[in-house]
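Colleague: Got query-v4.pdb for you, PDB, C-alpha atoms:
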ATOM      1  CA  MET A   1      -2.797 -16.723 -65.480
ATOM      2  CA  ASN A   2      -0.644 -15.564 -62.563
ATOM      3  CA  HIS A   3      -2.510 -15.078 -59.313
ATOM      4  CA  LYS A   4      -1.938 -11.705 -57.616
ATOM      5  CA  VAL A   5      -1.119 -12.337 -53.962
ATOM      6  CA  THR A   6      -3.515 -10.642 -51.549
ATOM      7  CA  ILE A   7      -3.622  -9.989 -47.805
ATOM      8  CA  ALA A   8      -6.131 -12.882 -47.571
ATOM      9  CA  ASP A   9      -3.537 -15.235 -49.112
ATOM     10  CA  ILE A  10      -0.944 -14.228 -46.519
ATOM     11  CA  ALA A  11      -3.506 -14.571 -43.735
ATOM     12  CA  ARG A  12      -4.351 -18.139 -44.860
ATOM     13  CA  GLU A  13      -0.692 -19.037 -45.135
ATOM     14  CA  LEU A  14      -0.032 -17.946 -41.542
ATOM     15  CA  ASN A  15      -3.426 -18.806 -40.061
ATOM     16  CA  LEU A  16      -3.976 -15.179 -39.053
ATOM     17  CA  THR A  17      -6.837 -12.744 -39.603
ATOM     18  CA  GLY A  18      -6.703 -10.317 -42.514
ATOM     19  CA  ALA A  19      -6.822  -7.411 -40.042
ATOM     20  CA  THR A  20      -3.734  -8.686 -38.238
ATOM     21  CA  VAL A  21      -1.825  -9.080 -41.501
ATOM     22  CA  SER A  22      -2.859  -5.592 -42.609
ATOM     23  CA  ARG A  23      -1.677  -4.041 -39.326
ATOM     24  CA  ALA A  24       1.623  -5.913 -39.528
ATOM     25  CA  LEU A  25       2.267  -4.862 -43.149
ATOM     26  CA  ASN A  26       1.630  -1.224 -42.246
ATOM     27  CA  ASN A  27       3.574  -1.265 -38.956
ATOM     28  CA  ARG A  28       0.466  -0.323 -37.014
ATOM     29  CA  LYS A  29      -0.115  -0.771 -33.316
ATOM     30  CA  GLY A  30      -1.747  -3.985 -32.148
ATOM     31  CA  THR A  31       0.766  -6.539 -33.424
ATOM     32  CA  SER A  32       3.916  -7.848 -31.809
ATOM     33  CA  GLU A  33       7.362  -7.365 -33.300
ATOM     34  CA  GLU A  34       7.550 -11.113 -33.969
ATOM     35  CA  THR A  35       4.216 -11.115 -35.837
ATOM     36  CA  ARG A  36       5.226  -8.098 -37.928
ATOM     37  CA  ARG A  37       8.493  -9.765 -38.867
ATOM     38  CA  MET A  38       6.789 -13.043 -39.747
ATOM     39  CA  VAL A  39       4.113 -11.332 -41.854
ATOM     40  CA  GLN A  40       6.589  -9.141 -43.711
ATOM     41  CA  GLU A  41       8.930 -12.036 -44.435
ATOM     42  CA  THR A  42       6.013 -14.131 -45.718
ATOM     43  CA  ALA A  43       4.755 -11.245 -47.870
ATOM     44  CA  GLU A  44       8.198 -10.896 -49.432
ATOM     45  CA  ARG A  45       8.470 -14.658 -50.014
ATOM     46  CA  MET A  46       5.025 -14.756 -51.662
ATOM     47  CA  ASN A  47       5.913 -11.665 -53.778
ATOM     48  CA  TYR A  48       3.068  -9.591 -52.333
ATOM     49  CA  ARG A  49       2.653  -6.143 -53.919
ATOM     50  CA  ARG A  50       0.346  -3.594 -52.345
ATOM     51  CA  ASP A  51      -2.267  -1.910 -54.525
ATOM     52  CA  ARG A  52      -1.495   1.628 -53.448
ATOM     53  CA  ILE A  53      -4.563   3.196 -55.055
ATOM     54  CA  ALA A  54      -6.941   0.737 -53.423
ATOM     55  CA  TYR A  55      -5.116   1.093 -50.108
ATOM     56  CA  SER A  56      -5.342   4.883 -50.285
ATOM     57  CA  LEU A  57      -9.081   4.766 -50.966
ATOM     58  CA  ARG A  58      -9.706   2.355 -48.083
ATOM     59  CA  SER A  59      -7.469   3.978 -45.494
ATOM     60  CA  GLY A  60      -7.584   7.619 -46.497
ATOM     61  CA  ARG A  61      -3.778   7.538 -46.605
ATOM     62  CA  THR A  62      -1.199   7.558 -49.385
ATOM     63  CA  ASN A  63       1.806   6.417 -47.298
ATOM     64  CA  ILE A  64       3.720   9.343 -48.770
ATOM     65  CA  ILE A  65       5.316  12.197 -46.821
ATOM     66  CA  GLY A  66       6.676  15.480 -48.167
ATOM     67  CA  VAL A  67      10.031  16.946 -47.122
ATOM     68  CA  ILE A  68      10.963  20.595 -47.732
ATOM     69  CA  ILE A  69      14.694  21.344 -47.589
ATOM     70  CA  PRO A  70      16.303  24.767 -48.107
ATOM     71  CA  SER A  71      19.032  23.491 -50.439
ATOM     72  CA  ALA A  72      20.068  20.194 -52.004
ATOM     73  CA  GLU A  73      23.615  21.525 -52.418
ATOM     74  CA  ILE A  74      24.269  21.452 -48.669
ATOM     75  CA  ASN A  75      25.345  18.034 -47.409
ATOM     76  CA  PHE A  76      23.737  18.746 -44.033
ATOM     77  CA  PHE A  77      20.230  18.493 -45.492
ATOM     78  CA  GLY A  78      21.116  15.453 -47.580
ATOM     79  CA  SER A  79      22.255  13.714 -44.406
ATOM     80  CA  VAL A  80      19.023  14.610 -42.591
ATOM     81  CA  VAL A  81      17.022  13.252 -45.555
ATOM     82  CA  HIS A  82      19.041  10.041 -45.321
ATOM     83  CA  GLY A  83      17.847   9.659 -41.730
ATOM     84  CA  ILE A  84      14.251  10.396 -42.750
ATOM     85  CA  GLU A  85      14.292   7.904 -45.624
ATOM     86  CA  SER A  86      15.833   5.135 -43.516
ATOM     87  CA  MET A  87      12.874   5.381 -41.135
ATOM     88  CA  ALA A  88      10.324   5.884 -43.929
ATOM     89  CA  ASN A  89      11.445   2.664 -45.625
ATOM     90  CA  LYS A  90      10.999   0.712 -42.394
ATOM     91  CA  HIS A  91       7.449   2.021 -42.048
ATOM     92  CA  GLY A  92       6.398   1.516 -45.669
ATOM     93  CA  TYR A  93       6.429   5.214 -46.606
ATOM     94  CA  SER A  94       7.678   6.956 -49.737
ATOM     95  CA  VAL A  95       9.302  10.393 -49.584
ATOM     96  CA  LEU A  96       8.747  13.400 -51.868
ATOM     97  CA  ILE A  97      11.475  16.063 -51.615
ATOM     98  CA  TYR A  98      11.059  19.730 -52.559
ATOM     99  CA  GLN A  99      13.869  22.313 -52.524
ATOM    100  CA  SER A 100      12.891  25.821 -51.407
ATOM    101  CA  ASN A 101      16.145  27.475 -52.569
ATOM    102  CA  GLU A 102      15.893  29.527 -49.335
ATOM    103  CA  LEU A 103      12.857  31.404 -50.720
ATOM    104  CA  PRO A 104       9.319  31.534 -49.240
ATOM    105  CA  GLU A 105       7.655  31.445 -52.666
ATOM    106  CA  TYR A 106       9.229  28.040 -53.332
ATOM    107  CA  GLU A 107       8.158  26.844 -49.903
ATOM    108  CA  ILE A 108       4.583  27.726 -50.814
ATOM    109  CA  LYS A 109       4.901  25.912 -54.168
ATOM    110  CA  GLY A 110       6.260  22.863 -52.404
ATOM    111  CA  ILE A 111       3.404  22.850 -49.898
ATOM    112  CA  GLU A 112       0.843  23.178 -52.698
ATOM    113  CA  THR A 113       2.474  20.236 -54.500
ATOM    114  CA  PHE A 114       2.414  18.105 -51.372
ATOM    115  CA  LEU A 115      -1.201  18.920 -50.554
ATOM    116  CA  SER A 116      -2.338  18.162 -54.112
ATOM    117  CA  SER A 117      -0.472  14.842 -53.833
ATOM    118  CA  ARG A 118      -2.398  14.144 -50.628
ATOM    119  CA  VAL A 119       0.703  13.428 -48.550
ATOM    120  CA  ASP A 120       0.075  12.030 -45.085
ATOM    121  CA  GLY A 121       2.377  14.585 -43.475
ATOM    122  CA  ILE A 122       5.101  17.171 -44.079
ATOM    123  CA  LEU A 123       8.609  17.652 -42.680
ATOM    124  CA  ALA A 124      10.127  21.089 -43.277
ATOM    125  CA  SER A 125      13.189  23.212 -42.580
ATOM    126  CA  ILE A 126      12.390  26.930 -42.885
ATOM    127  CA  ALA A 127      14.032  28.967 -45.673
ATOM    128  CA  LYS A 128      16.413  31.770 -44.677
ATOM    129  CA  GLU A 129      14.292  34.405 -46.411
ATOM    130  CA  THR A 130      10.985  33.352 -44.824
ATOM    131  CA  THR A 131       9.586  35.905 -42.369
ATOM    132  CA  ASP A 132       5.851  35.280 -42.912
ATOM    133  CA  PHE A 133       4.850  31.835 -41.688
ATOM    134  CA  SER A 134       1.183  31.859 -42.667
ATOM    135  CA  HIS A 135       1.647  29.048 -45.215
ATOM    136  CA  TYR A 136       2.869  26.766 -42.428
ATOM    137  CA  LEU A 137      -0.029  27.735 -40.188
ATOM    138  CA  GLU A 138      -2.403  26.862 -43.055
ATOM    139  CA  ILE A 139      -0.991  23.305 -43.116
ATOM    140  CA  LYS A 140      -1.777  23.012 -39.431
ATOM    141  CA  GLU A 141      -5.279  24.475 -39.874
ATOM    142  CA  ARG A 142      -6.010  21.902 -42.566
ATOM    143  CA  GLY A 143      -5.167  19.176 -40.085
ATOM    144  CA  VAL A 144      -2.145  17.915 -42.038
ATOM    145  CA  PRO A 145       0.639  16.672 -39.709
ATOM    146  CA  LEU A 146       3.680  18.980 -39.813
ATOM    147  CA  VAL A 147       7.074  18.784 -38.087
ATOM    148  CA  PHE A 148       9.984  21.228 -38.393
ATOM    149  CA  PHE A 149      13.621  20.073 -38.354
ATOM    150  CA  ASP A 150      16.779  22.144 -37.796
ATOM    151  CA  ARG A 151      15.144  25.506 -38.550
ATOM    152  CA  ALA A 152      11.992  25.917 -36.497
ATOM    153  CA  ASN A 153       9.813  28.697 -35.106
ATOM    154  CA  ASP A 154       8.699  28.014 -31.544
ATOM    155  CA  SER A 155       5.939  30.628 -31.643
ATOM    156  CA  LEU A 156       3.986  28.535 -34.189
ATOM    157  CA  ASN A 157       3.480  25.721 -31.652
ATOM    158  CA  ILE A 158       4.536  23.101 -34.208
ATOM    159  CA  PRO A 159       6.557  19.996 -33.210
ATOM    160  CA  SER A 160      10.243  20.215 -34.071
ATOM    161  CA  VAL A 161      13.614  18.490 -33.879
ATOM    162  CA  VAL A 162      16.606  20.805 -33.470
ATOM    163  CA  ILE A 163      20.149  20.865 -32.199
ATOM    164  CA  ASN A 164      21.081  22.864 -29.109
ATOM    165  CA  ASP A 165      22.480  25.736 -31.178
ATOM    166  CA  TYR A 166      23.197  27.898 -28.127
ATOM    167  CA  LYS A 167      25.302  25.185 -26.503
ATOM    168  CA  GLY A 168      27.078  24.378 -29.766
ATOM    169  CA  ALA A 169      28.061  28.025 -30.235
ATOM    170  CA  TYR A 170      29.207  28.245 -26.623
ATOM    171  CA  ILE A 171      31.416  25.152 -27.066
ATOM    172  CA  ALA A 172      32.926  26.533 -30.301
ATOM    173  CA  THR A 173      33.734  29.919 -28.777
ATOM    174  CA  GLU A 174      35.054  28.434 -25.537
ATOM    175  CA  HIS A 175      37.359  26.191 -27.563
ATOM    176  CA  LEU A 176      38.890  29.226 -29.301
ATOM    177  CA  ILE A 177      39.357  30.949 -25.941
ATOM    178  CA  ARG A 178      41.131  27.890 -24.509
ATOM    179  CA  GLN A 179      43.376  27.745 -27.570
ATOM    180  CA  GLY A 180      44.692  31.174 -26.558
ATOM    181  CA  TYR A 181      42.928  33.435 -29.051
ATOM    182  CA  LYS A 182      42.285  36.876 -27.575
ATOM    183  CA  ARG A 183      39.879  38.676 -29.926
ATOM    184  CA  ILE A 184      37.230  36.325 -31.235
ATOM    185  CA  ALA A 185      34.767  37.523 -33.863
ATOM    186  CA  HIS A 186      31.487  35.984 -34.960
ATOM    187  CA  ILE A 187      30.063  35.878 -38.468
ATOM    188  CA  ALA A 188      26.323  35.795 -37.741
ATOM    189  CA  GLY A 189      23.307  34.777 -39.808
ATOM    190  CA  GLN A 190      19.887  36.329 -40.261
ATOM    191  CA  GLN A 191      18.564  36.975 -36.765
ATOM    192  CA  HIS A 192      14.891  36.305 -37.559
ATOM    193  CA  LEU A 193      15.852  32.621 -37.679
ATOM    194  CA  LYS A 194      16.087  31.176 -34.183
ATOM    195  CA  ILE A 195      19.054  28.905 -34.927
ATOM    196  CA  PHE A 196      21.222  31.859 -35.945
ATOM    197  CA  LYS A 197      20.086  34.011 -33.014
ATOM    198  CA  ASP A 198      20.839  31.164 -30.600
ATOM    199  CA  ARG A 199      24.329  30.783 -32.067
ATOM    200  CA  LEU A 200      25.002  34.487 -31.588
ATOM    201  CA  ASP A 201      23.732  34.283 -28.005
ATOM    202  CA  GLY A 202      25.917  31.241 -27.297
ATOM    203  CA  TYR A 203      28.973  33.080 -28.638
ATOM    204  CA  LYS A 204      28.277  36.075 -26.394
ATOM    205  CA  ALA A 205      27.661  33.879 -23.347
ATOM    206  CA  ALA A 206      31.021  32.114 -23.733
ATOM    207  CA  LEU A 207      32.882  35.415 -23.934
ATOM    208  CA  GLU A 208      31.089  36.739 -20.847
ATOM    209  CA  ALA A 209      31.759  33.516 -18.920
ATOM    210  CA  TYR A 210      35.500  34.055 -19.439
ATOM    211  CA  GLY A 211      35.377  37.761 -18.599
ATOM    212  CA  ILE A 212      35.882  38.866 -22.201
ATOM    213  CA  PRO A 213      33.824  41.901 -23.230
ATOM    214  CA  VAL A 214      31.384  41.483 -26.135
ATOM    215  CA  GLU A 215      32.325  44.008 -28.817
ATOM    216  CA  ASN A 216      29.659  44.818 -31.399
ATOM    217  CA  GLU A 217      32.309  45.585 -34.024
ATOM    218  CA  LEU A 218      33.432  41.946 -33.850
ATOM    219  CA  VAL A 219      30.007  40.652 -34.912
ATOM    220  CA  TYR A 220      29.503  40.661 -38.681
ATOM    221  CA  TYR A 221      25.970  40.014 -39.982
ATOM    222  CA  GLY A 222      26.096  38.116 -43.273
ATOM    223  CA  ASN A 223      23.721  36.128 -45.474
ATOM    224  CA  VAL A 224      25.300  32.735 -44.657
ATOM    225  CA  SER A 225      27.426  31.845 -47.683
ATOM    226  CA  ILE A 226      31.032  31.498 -48.867
ATOM    227  CA  ASP A 227      30.921  35.097 -50.114
ATOM    228  CA  ALA A 228      29.668  36.276 -46.720
ATOM    229  CA  GLY A 229      32.649  34.569 -45.092
ATOM    230  CA  ARG A 230      35.057  36.324 -47.443
ATOM    231  CA  GLN A 231      33.372  39.708 -46.939
ATOM    232  CA  ALA A 232      33.361  39.274 -43.197
ATOM    233  CA  ILE A 233      37.113  38.647 -43.058
ATOM    234  CA  GLN A 234      37.762  41.674 -45.292
ATOM    235  CA  HIS A 235      35.680  43.827 -42.936
ATOM    236  CA  LEU A 236      37.132  42.409 -39.710
ATOM    237  CA  LEU A 237      40.767  42.687 -40.807
ATOM    238  CA  ALA A 238      40.203  46.349 -41.689
ATOM    239  CA  LEU A 239      39.306  47.181 -38.068
ATOM    240  CA  SER A 240      41.821  49.209 -36.039
ATOM    241  CA  ARG A 241      42.080  46.168 -33.724
ATOM    242  CA  PRO A 242      41.322  43.131 -35.892
ATOM    243  CA  PRO A 243      40.394  39.756 -34.389
ATOM    244  CA  ASP A 244      42.671  36.732 -34.275
ATOM    245  CA  ALA A 245      39.884  34.130 -34.534
ATOM    246  CA  VAL A 246      36.354  33.733 -35.808
ATOM    247  CA  PHE A 247      33.416  31.483 -35.023
ATOM    248  CA  ALA A 248      31.285  31.298 -38.182
ATOM    249  CA  VAL A 249      27.560  30.582 -38.064
ATOM    250  CA  GLU A 250      27.921  27.598 -40.424
ATOM    251  CA  ASP A 251      30.541  25.796 -42.474
ATOM    252  CA  PHE A 252      30.125  27.423 -45.889
ATOM    253  CA  THR A 253      30.601  30.812 -44.229
ATOM    254  CA  ALA A 254      33.635  29.404 -42.399
ATOM    255  CA  LEU A 255      34.975  28.074 -45.723
ATOM    256  CA  GLY A 256      34.751  31.580 -47.179
ATOM    257  CA  ALA A 257      36.662  32.898 -44.174
ATOM    258  CA  VAL A 258      39.399  30.292 -44.645
ATOM    259  CA  LYS A 259      39.695  31.100 -48.353
ATOM    260  CA  GLU A 260      40.041  34.836 -47.692
ATOM    261  CA  LEU A 261      42.613  34.332 -44.918
ATOM    262  CA  LYS A 262      44.693  32.061 -47.176
ATOM    263  CA  ASP A 263      44.503  34.613 -50.017
ATOM    264  CA  LYS A 264      45.877  37.190 -47.585
ATOM    265  CA  LYS A 265      48.687  34.786 -46.554
ATOM    266  CA  ILE A 266      47.491  34.686 -42.944
ATOM    267  CA  GLU A 267      48.541  31.434 -41.246
ATOM    268  CA  ILE A 268      45.742  29.228 -39.920
ATOM    269  CA  PRO A 269      45.652  28.359 -37.041
ATOM    270  CA  GLU A 270      48.902  29.976 -35.869
ATOM    271  CA  ALA A 271      47.849  33.568 -36.544
ATOM    272  CA  PHE A 272      44.101  33.115 -36.932
ATOM    273  CA  GLY A 273      41.672  30.409 -35.765
ATOM    274  CA  VAL A 274      38.440  29.379 -37.489
ATOM    275  CA  VAL A 275      35.515  27.260 -36.289
ATOM    276  CA  GLY A 276      32.317  26.573 -38.247
ATOM    277  CA  PHE A 277      29.010  24.859 -37.485
ATOM    278  CA  ALA A 278      27.393  21.798 -39.172
ATOM    279  CA  ASN A 279      30.365  19.472 -39.784
ATOM    280  CA  GLU A 280      29.845  19.408 -43.554
ATOM    281  CA  SER A 281      31.490  16.591 -45.513
ATOM    282  CA  PHE A 282      34.156  18.892 -46.991
ATOM    283  CA  ASP A 283      35.467  19.964 -43.558
ATOM    284  CA  GLU A 284      38.028  17.197 -43.179
ATOM    285  CA  HIS A 285      39.212  17.435 -46.796
ATOM    286  CA  ILE A 286      40.212  21.106 -47.042
ATOM    287  CA  THR A 287      43.583  22.483 -45.906
ATOM    288  CA  PRO A 288      43.691  23.208 -43.061
ATOM    289  CA  SER A 289      40.846  20.872 -42.073
ATOM    290  CA  LEU A 290      37.944  22.793 -40.568
ATOM    291  CA  SER A 291      36.859  22.603 -36.938
ATOM    292  CA  SER A 292      33.104  22.471 -36.577
ATOM    293  CA  ILE A 293      30.097  21.452 -34.488
ATOM    294  CA  ASP A 294      28.342  18.278 -35.595
ATOM    295  CA  GLN A 295      24.527  18.466 -35.578
ATOM    296  CA  GLN A 296      23.728  14.728 -35.497
ATOM    297  CA  THR A 297      21.982  15.013 -38.851
ATOM    298  CA  VAL A 298      20.963  11.385 -39.390
ATOM    299  CA  GLN A 299      19.547  11.206 -35.874
ATOM    300  CA  MET A 300      17.721  14.483 -36.511
ATOM    301  CA  GLY A 301      16.046  12.970 -39.585
ATOM    302  CA  LYS A 302      15.041   9.829 -37.703
ATOM    303  CA  GLU A 303      13.580  11.772 -34.777
ATOM    304  CA  ALA A 304      11.692  14.112 -37.126
ATOM    305  CA  PHE A 305      10.100  11.148 -38.905
ATOM    306  CA  ARG A 306       9.202   9.547 -35.562
ATOM    307  CA  LEU A 307       7.469  12.736 -34.415
ATOM    308  CA  LEU A 308       5.584  12.937 -37.700
ATOM    309  CA  MET A 309       4.432   9.324 -37.333
ATOM    310  CA  GLU A 310       3.064  10.147 -33.871
ATOM    311  CA  LEU A 311       0.965  12.898 -35.433
ATOM    312  CA  ILE A 312      -0.204  10.704 -38.306
ATOM    313  CA  GLU A 313      -1.143   7.848 -35.970
ATOM    314  CA  ASP A 314      -2.815  10.210 -33.477
ATOM    315  CA  LYS A 315      -6.566   9.810 -33.741
ATOM    316  CA  GLY A 316      -7.184  13.289 -32.329
ATOM    317  CA  ASP A 317      -7.259  16.644 -34.084
ATOM    318  CA  VAL A 318      -3.815  17.579 -35.406
ATOM    319  CA  ARG A 319      -4.659  21.250 -34.854
ATOM    320  CA  GLU A 320      -4.971  20.588 -31.137
ATOM    321  CA  HIS A 321      -1.850  18.456 -30.835
ATOM    322  CA  THR A 322       0.422  19.526 -27.990
ATOM    323  CA  LYS A 323       3.744  20.831 -29.214
ATOM    324  CA  SER A 324       6.660  18.419 -28.854
ATOM    325  CA  LYS A 325      10.236  19.581 -29.215
ATOM    326  CA  ILE A 326      13.293  17.338 -29.343
ATOM    327  CA  VAL A 327      16.648  19.034 -28.724
ATOM    328  CA  LEU A 328      19.724  17.036 -29.751
ATOM    329  CA  GLU A 329      23.149  17.550 -28.218
ATOM    330  CA  PRO A 330      25.876  19.168 -30.361
ATOM    331  CA  VAL A 331      29.146  17.267 -30.824
ATOM    332  CA  ALA A 332      32.434  19.170 -31.123
ATOM    333  CA  VAL A 333      34.776  18.105 -33.942
ATOM    334  CA  PHE A 334      37.959  20.126 -33.625
ATOM    335  CA  ARG A 335      40.487  19.920 -36.466
ATOM    336  CA  GLN A 336      43.507  21.851 -37.736
ATOM    337  CA  SER A 337      41.853  25.244 -38.309
ATOM    338  CA  SER A 338      41.611  25.973 -34.586
ATOM    339  CA  MET A 339      44.103  23.641 -32.879
ATOM    340  CA  ARG A 340      46.887  26.050 -32.025
ATOM    341  CA  ARG A 341      47.895  24.200 -28.861
TER
END
Is it possible to express this structure as structure tokens?
Modeller:
Amino acid sequence: MNHKVTIADIARELNLTGATVSRALNNRKGTSEETRRMVQETAERMNYRRDRIAYSLRSGRTNIIGVIIPSAEINFFGSVVHGIESMANKHGYSVLIYQSNELPEYEIKGIETFLSSRVDGILASIAKETTDFSHYLEIKERGVPLVFFDRANDSLNIPSVVINDYKGAYIATEHLIRQGYKRIAHIAGQQHLKIFKDRLDGYKAALEAYGIPVENELVYYGNVSIDAGRQAIQHLLALSRPPDAVFAVEDFTALGAVKELKDKKIEIPEAFGVVGFANESFDEHITPSLSSIDQQTVQMGKEAFRLLMELIEDKGDVREHTKSKIVLEPVAVFRQSSMRR
């Protein structure tokens, strides 16, 4: 009869206490990096398999976290999840993923699923259509660790990891100005979401810094999609003084703009420049390749997981945890769609 390897077996093998082995296997504080490595290598060699049910009953933890993403179709969120999972694997955690489809009702369903699964914590990016945040406040009131990534709401006093959207938008708009474009439009997103408001503000600030007046008619408010990009270009080109460049709030909107401009036989970037935001995987493969602002997605996922682990490991009351916000620097990736010079 095969013997099932236990923590006690590993402890005897290494002449350590069971408590030390347990801490090392679960990446807890109180053990050195060398001890953790030695314990984990020995556990793998001895074919140790954790009894998750027993562990959960003893520790009150499941070693599972929930992740809510707005859409699985957008590479940006897949890349963030990659960063989350790379850290989760190192710390012995499994990841449950729920797609909100940009709707608050699906966010609520996802939260209910996670809570019934007794996850140790939740990472979430807010859906575009969410304007009532009470379901997120309920997570906090229940004492379940919660961290926002990319799309956050500062007024909720919940830890978050975001990009500097204002600075990214400023860089994108300034680039178009320096390329010689004279009338630069912006295709904006829903302004109740901070990331989209910050991008609009960054666009305006760049224009003002270069002495260019901000014209309301050059700001088109869309729903952030390929169709919105197409509709925006149709609207902007119909103006009595149409623009010669556009900074789009994100890359799918920018892709729609590129498609519409090409359908109208308008040369990009010679006659019209386009810059997006997110640096989606398709950007370098379309013609012309799309200029964009990279959001350091993998790093965002890693930092979000690290913040969540701080909450989970914190022995205090999660509801009283001081807000922590990590702001990552945007990285400009300029390609053919805006490089006129």
Colleague: Enumerate, as a PyMOL selection string, the residues matched when the PyMOL selection byres ((chain A and resi 258) around 9) is run on the file above.
Modeller: chain A and resi 229-230+233+253-257+259-263+268+274+287-288+290+337
Colleague: The PyMOL selection byres ((chain A and resi 203) around 6) on the file shown: which residues, as a list of chain:residue names?
Modeller: A:Ala169, A:Tyr170, A:Thr173, A:Leu200, A:Asp201, A:Gly202, A:Lys204, A:Ala205, A:Ala206
Colleague: Here is a test: counting all atoms listed in the file, which residue of A:Tyr221, A:Tyr181, A:Phe77, A:Tyr48 is nearest to Asp244 (chain A)?
Modeller: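 Going through A:Tyr221, A:Tyr181, A:Phe77, A:Tyr48 one by one, the smallest distance to Asp244 (chain A) is for A:Tyr181.
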Colleague: Which of these residues is nearest to Glu102 (chain A), using all atoms listed in the file: A:Asp294, A:Glu129, A:Glu208, A:Glu270?
Modeller: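 Looking at the shortest contact to Glu102 (chain A), the residue is A:Glu129.
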Colleague: Evaluate the PyMOL selection byres ((chain A and resi 100) around 7) and record the selected residues as a list in words, following the chain and residue labels used in the document.
Modeller: Ile68, Ile69, Pro70, Ser71, Tyr98, Gln99, Asn101, Glu102, Leu103, Tyr106, Glu107 and Ala127 of chain A
Colleague: Using only C-alpha atoms for the distances, tell me which of A:Met38, A:Val80, A:Ala11, A:Ile108 is nearest to Thr130 (chain A).
Modeller: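 Using only C-alpha atoms, the shortest distance to Thr130 (chain A) belongs to A:Ile108.
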Colleague: How would region 226-241 of chain A look with N, CA and C atoms restored, written as an mmCIF file, keeping the file's coordinate frame?
Modeller:
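Saved to rebuild06.cif:
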data_model
loop_
_atom_site.group_PDB
_atom_site.id
_atom_site.type_symbol
_atom_site.label_atom_id
_atom_site.label_comp_id
_atom_site.auth_asym_id
_atom_site.auth_seq_id
_atom_site.Cartn_x
_atom_site.Cartn_y
_atom_site.Cartn_z
ATOM 1 N N ILE A 226 29.584 31.365 -48.717
ATOM 2 C CA ILE A 226 31.032 31.498 -48.867
ATOM 3 C C ILE A 226 31.408 32.960 -49.054
ATOM 4 N N ASP A 227 30.651 33.675 -49.884
ATOM 5 C CA ASP A 227 30.921 35.097 -50.114
ATOM 6 C C ASP A 227 30.813 35.896 -48.826
ATOM 7 N N ALA A 228 29.834 35.570 -47.990
ATOM 8 C CA ALA A 228 29.668 36.276 -46.720
ATOM 9 C C ALA A 228 30.880 36.067 -45.828
ATOM 10 N N GLY A 229 31.450 34.847 -45.870
ATOM 11 C CA GLY A 229 32.649 34.569 -45.092
ATOM 12 C C GLY A 229 33.826 35.394 -45.565
ATOM 13 N N ARG A 230 33.973 35.498 -46.880
ATOM 14 C CA ARG A 230 35.057 36.324 -47.443
ATOM 15 C C ARG A 230 34.880 37.796 -47.057
ATOM 16 N N GLN A 231 33.656 38.305 -47.243
ATOM 17 C CA GLN A 231 33.372 39.708 -46.939
ATOM 18 C C GLN A 231 33.568 40.016 -45.464
ATOM 19 N N ALA A 232 33.204 39.074 -44.635
ATOM 20 C CA ALA A 232 33.361 39.274 -43.197
ATOM 21 C C ALA A 232 34.832 39.430 -42.821
ATOM 22 N N ILE A 233 35.681 38.568 -43.371
ATOM 23 C CA ILE A 233 37.113 38.647 -43.058
ATOM 24 C C ILE A 233 37.696 39.978 -43.568
ATOM 25 N N GLN A 234 37.296 40.385 -44.766
ATOM 26 C CA GLN A 234 37.762 41.674 -45.292
ATOM 27 C C GLN A 234 37.390 42.809 -44.345
ATOM 28 N N HIS A 235 36.160 42.779 -43.860
ATOM 29 C CA HIS A 235 35.680 43.827 -42.936
ATOM 30 C C HIS A 235 36.413 43.752 -41.601
ATOM 31 N N LEU A 236 36.545 42.567 -41.045
ATOM 32 C CA LEU A 236 37.132 42.409 -39.710
ATOM 33 C C LEU A 236 38.623 42.753 -39.696
ATOM 34 N N LEU A 237 39.334 42.387 -40.758
ATOM 35 C CA LEU A 237 40.767 42.687 -40.807
ATOM 36 C C LEU A 237 41.042 44.171 -41.013
ATOM 37 N N ALA A 238 40.037 44.902 -41.471
ATOM 38 C CA ALA A 238 40.203 46.349 -41.689
ATOM 39 C C ALA A 238 39.970 47.150 -40.407
ATOM 40 N N LEU A 239 39.530 46.482 -39.337
ATOM 41 C CA LEU A 239 39.306 47.181 -38.068
ATOM 42 C C LEU A 239 40.638 47.663 -37.493
ATOM 43 N N SER A 240 40.588 48.695 -36.651
ATOM 44 C CA SER A 240 41.821 49.209 -36.039
ATOM 45 C C SER A 240 42.457 48.147 -35.136
ATOM 46 N N ARG A 241 41.599 47.302 -34.519
ATOM 47 C CA ARG A 241 42.080 46.168 -33.724
ATOM 48 C C ARG A 241 41.399 44.900 -34.254
#
